[in-house]
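Enquirer: The structure follows.
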Amino acid sequence: MASPPAPRPWTDARRARWRSRAIEAVLVLGIGYNFVLALVNANVFAVGPAVTYAIEFAVYAACFVLGLWSLDRRRAALVVGGLGFVVALAWLRSLASGQIDPKFLRDALIAFAFLVLGAGYRGSLPRLCLGLALLVAMVAAFELAAPQAYGEVVNPKSYFVNARGASAAGFWNQDSNLYVSATRPGARNFLPSSDLPRASSIFVEPVTMGNFIIFFAATVLAFRRHLGLPAQALAAALVVFLVLASDGRLAAGTCLLMLVLAPLFRRLDQRLAFAVFGVVLFAGAGLVAVAGVEAFDDTLLGRVFFSVDSIRGLSFQEWMGMDPGSAYRYFDSGIAYFIGSQSLPGVLAFLLAYSFLLVLPGREGRLFKHLAIFAFALSLLVSNGYFSIKTAALWWFVCGVLWQAGARLQPAGPAHRIPAAAESAR
């Protein structure tokens with residue numbers, strides 16, 4: 001009996017392109033579904049929390065369906081083993097405390113889901129990130145040019161009240177439909193005389209907009225040699241515009257620090273990622289001590305003080321993650337939230353796995369890995385925003401692409417493509 005004909009190469013290529021388009025759609029939905037639901041909430045029907053949960057978990061399912069097939073046995077075993085460790089640790093903590101919070105499992109699930117999704121991507125990563133930044137910038141430009149129209153069409157205030165349980169009374173500007181901190185009291189730090197709101201674009205609230213700027217700047221630094229001069233100039237202009245549009249103080253400072261540290265991170269052994277994490281946290285504590293800050297206020301140093309003070313006050317049960325409710329008391333302290341929600345053993349396991357098991361090849365991979373852990377650690381000093389799918393999805397997606405990419409990256413060219421799985425773990 002004759003064997004069936006082998007598939008044509010162009011058919012395989014077309015399937016790979018469609019799969020990559022589907023992966024791009026899932027990524028965009030993961031970071032932008034709040035924007036879509038806000039539009040629905042403002043113009044079609046009121047959106048409740050159940051809808052947001054359903055869409056978010058559908059995104060996680062799509063990540064595994066589209067990406068898991070691309071992993072070799074070793075990487076698949078690492079993903080499954082990691083998920084098993086997280087579940088087992090949560091189960092042990094629930095036995096000890098008599099409580100379990102599904103949100104903490106969800107925080108960990110984001111990393112695995114988008115790492116797997118990125119591993120299945122075969123498109124142009126630099127081009128994808130540049131396209132995302134253009135989309136964010138266009139919506140932000142509309143928001144700045146017509147804040148009232150944006151407020152009516154998107155209505156973040158109504159969305160966060162209906163879908164996220166916020167209180168309408170907590171929005172100090174009752175005449176605005178924008179997010180609570182979009183028109184905060186006092187002048188902007190950038191463009192102070194403009195009277196413009198803080199743009200949030202597709203993220204609906206400005207904090208995640210700042211996190212996106214940091215992510216985009218990190219990808220530009222890591223993949224600069226894969227972008228032509230016009231694309232590099234456009235990327236730099238987009239970073240500056242988005243910082244000004246969102247009035248991103250932390251974003252601006254983090255981008256400058258990443259720019260200064262990039263030459264070091266390019267050469268630093270990626271197995272020292274855990275050390276980068278620790279140095280940032282200790283530097284934050286040292287800065288507070290040198291500045292003599294002794295009380296919390298809503299400034300950068302005040303928030304860092306709150307994180308340092310929170311760590312000092314953690315009980316043994318909180319260090320071991322056996323008091324789940326305590327994590328919510330540390331909303332402005334990401335590191336205390338991280339420990340309270342995942343436990344100290346969970347945090348240490350993450351750092352060891354990230355440093356020694358997640359090997360990202362090439363100079364690009366080494367630099368991006370260090371920039372990611374640096375930005376994560378810095379954010380933990382002031383908030384827990386990096387546990388949001390809107391932020392975490394982007395970082396872990398790029399890690400997934402690089403994880404599967406192999407030891408060599410193609411030089412800059414028309415396609416700007418990262419080869420698929422050039423390195424196999426045998």
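In the structure tokens, the first chain shown is A, the next is B, and so on; residue numbers restart at 1 for each chain, and ligands run from 1 in the order shown.
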Within 6 Å of segment 147-167 of chain A, which residues of segment 171-210 of chain A show up? Give each one with its shortest atom-to-atom distance in Å (one decimal) and the two atoms involved, counting only C-alpha atoms, rows by chain then rising residue number, as a Markdown table.

Expert:
| residue | atom | partner | partner_atom | distance |
| --- | --- | --- | --- | --- |
| A:Asn177 | CA | A:Gly151 | CA | 4.8 |
| A:Leu178 | CA | A:Pro156 | CA | 5.3 |
| A:Tyr179 | CA | A:Pro156 | CA | 5.4 |
| A:Val204 | CA | A:Pro156 | CA | 5.9 |

Enquirer: For Lys103 of chain A, list every protein, DNA or RNA residue within 10 Å, evaluated using only C-alpha atoms, and leave out those in the same chain fewer than 5 positions away; present the list as a count of residues only.

Expert: 3

Enquirer: Using only C-alpha atoms, which of A:Phe112, A:Trp18, A:Phe277, A:Phe397 sits nearest Leu378 of chain A?

Expert: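 Nearest candidate to Leu378 of chain A out of A:Phe112, A:Trp18, A:Phe277, A:Phe397: A:Phe277.
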
Enquirer: If we count only C-alpha atoms and set the cut-off at 9 Å, which residues sit around segment 80-88 of chain A, ignoring sequence neighbours fewer than 4 positions away in its own chain? Please answer as a list in words.

Expert: Arg75, Ala76, Leu92, Arg93, Leu105, Ala108, Leu109, Phe112, Gln342, Gly346 and Ala353 of chain A

Enquirer: Put those residues in a file: N, CA and C atoms, as a PDB file, in the first residue's frame.

Expert:
ATOM      1  N   ARG A  75      11.397  20.541  28.233  1.00  0.00           N
ATOM      2  CA  ARG A  75      10.698  21.772  28.584  1.00  0.00           C
ATOM      3  C   ARG A  75       9.274  21.485  29.047  1.00  0.00           C
ATOM      4  N   ALA A  76       8.605  20.535  28.404  1.00  0.00           N
ATOM      5  CA  ALA A  76       7.267  20.162  28.845  1.00  0.00           C
ATOM      6  C   ALA A  76       7.298  19.625  30.270  1.00  0.00           C
ATOM      7  N   LEU A  92      -0.470  22.217  50.531  1.00  0.00           N
ATOM      8  CA  LEU A  92       0.143  22.104  51.854  1.00  0.00           C
ATOM      9  C   LEU A  92      -0.159  23.329  52.710  1.00  0.00           C
ATOM     10  N   ARG A  93      -0.113  24.493  52.103  1.00  0.00           N
ATOM     11  CA  ARG A  93      -0.420  25.708  52.845  1.00  0.00           C
ATOM     12  C   ARG A  93      -1.884  25.744  53.263  1.00  0.00           C
ATOM     13  N   LEU A 105      -3.122  31.100  43.103  1.00  0.00           N
ATOM     14  CA  LEU A 105      -2.826  30.110  42.070  1.00  0.00           C
ATOM     15  C   LEU A 105      -2.854  30.762  40.693  1.00  0.00           C
ATOM     16  N   ALA A 108       0.345  32.619  39.773  1.00  0.00           N
ATOM     17  CA  ALA A 108       1.406  31.735  39.283  1.00  0.00           C
ATOM     18  C   ALA A 108       1.080  31.171  37.903  1.00  0.00           C
ATOM     19  N   LEU A 109      -0.197  30.933  37.636  1.00  0.00           N
ATOM     20  CA  LEU A 109      -0.612  30.349  36.357  1.00  0.00           C
ATOM     21  C   LEU A 109      -0.267  31.249  35.182  1.00  0.00           C
ATOM     22  N   PHE A 112       3.229  30.452  33.676  1.00  0.00           N
ATOM     23  CA  PHE A 112       3.306  29.211  32.902  1.00  0.00           C
ATOM     24  C   PHE A 112       2.530  29.328  31.594  1.00  0.00           C
ATOM     25  N   GLN A 342       2.598  33.659  48.031  1.00  0.00           N
ATOM     26  CA  GLN A 342       3.264  32.467  47.500  1.00  0.00           C
ATOM     27  C   GLN A 342       4.137  31.760  48.534  1.00  0.00           C
ATOM     28  N   GLY A 346       8.043  29.411  48.177  1.00  0.00           N
ATOM     29  CA  GLY A 346       7.600  29.636  46.809  1.00  0.00           C
ATOM     30  C   GLY A 346       8.414  30.703  46.113  1.00  0.00           C
ATOM     31  N   ALA A 353      14.423  28.672  39.969  1.00  0.00           N
ATOM     32  CA  ALA A 353      13.978  28.179  38.664  1.00  0.00           C
ATOM     33  C   ALA A 353      14.248  29.208  37.576  1.00  0.00           C
TER      34      ALA A 353
END

Enquirer: Could you check how far atom CA of Trp395 of chain A sits from atom CA of Phe374 of chain A, in Å to one decimal?

Expert: 11.9 Å
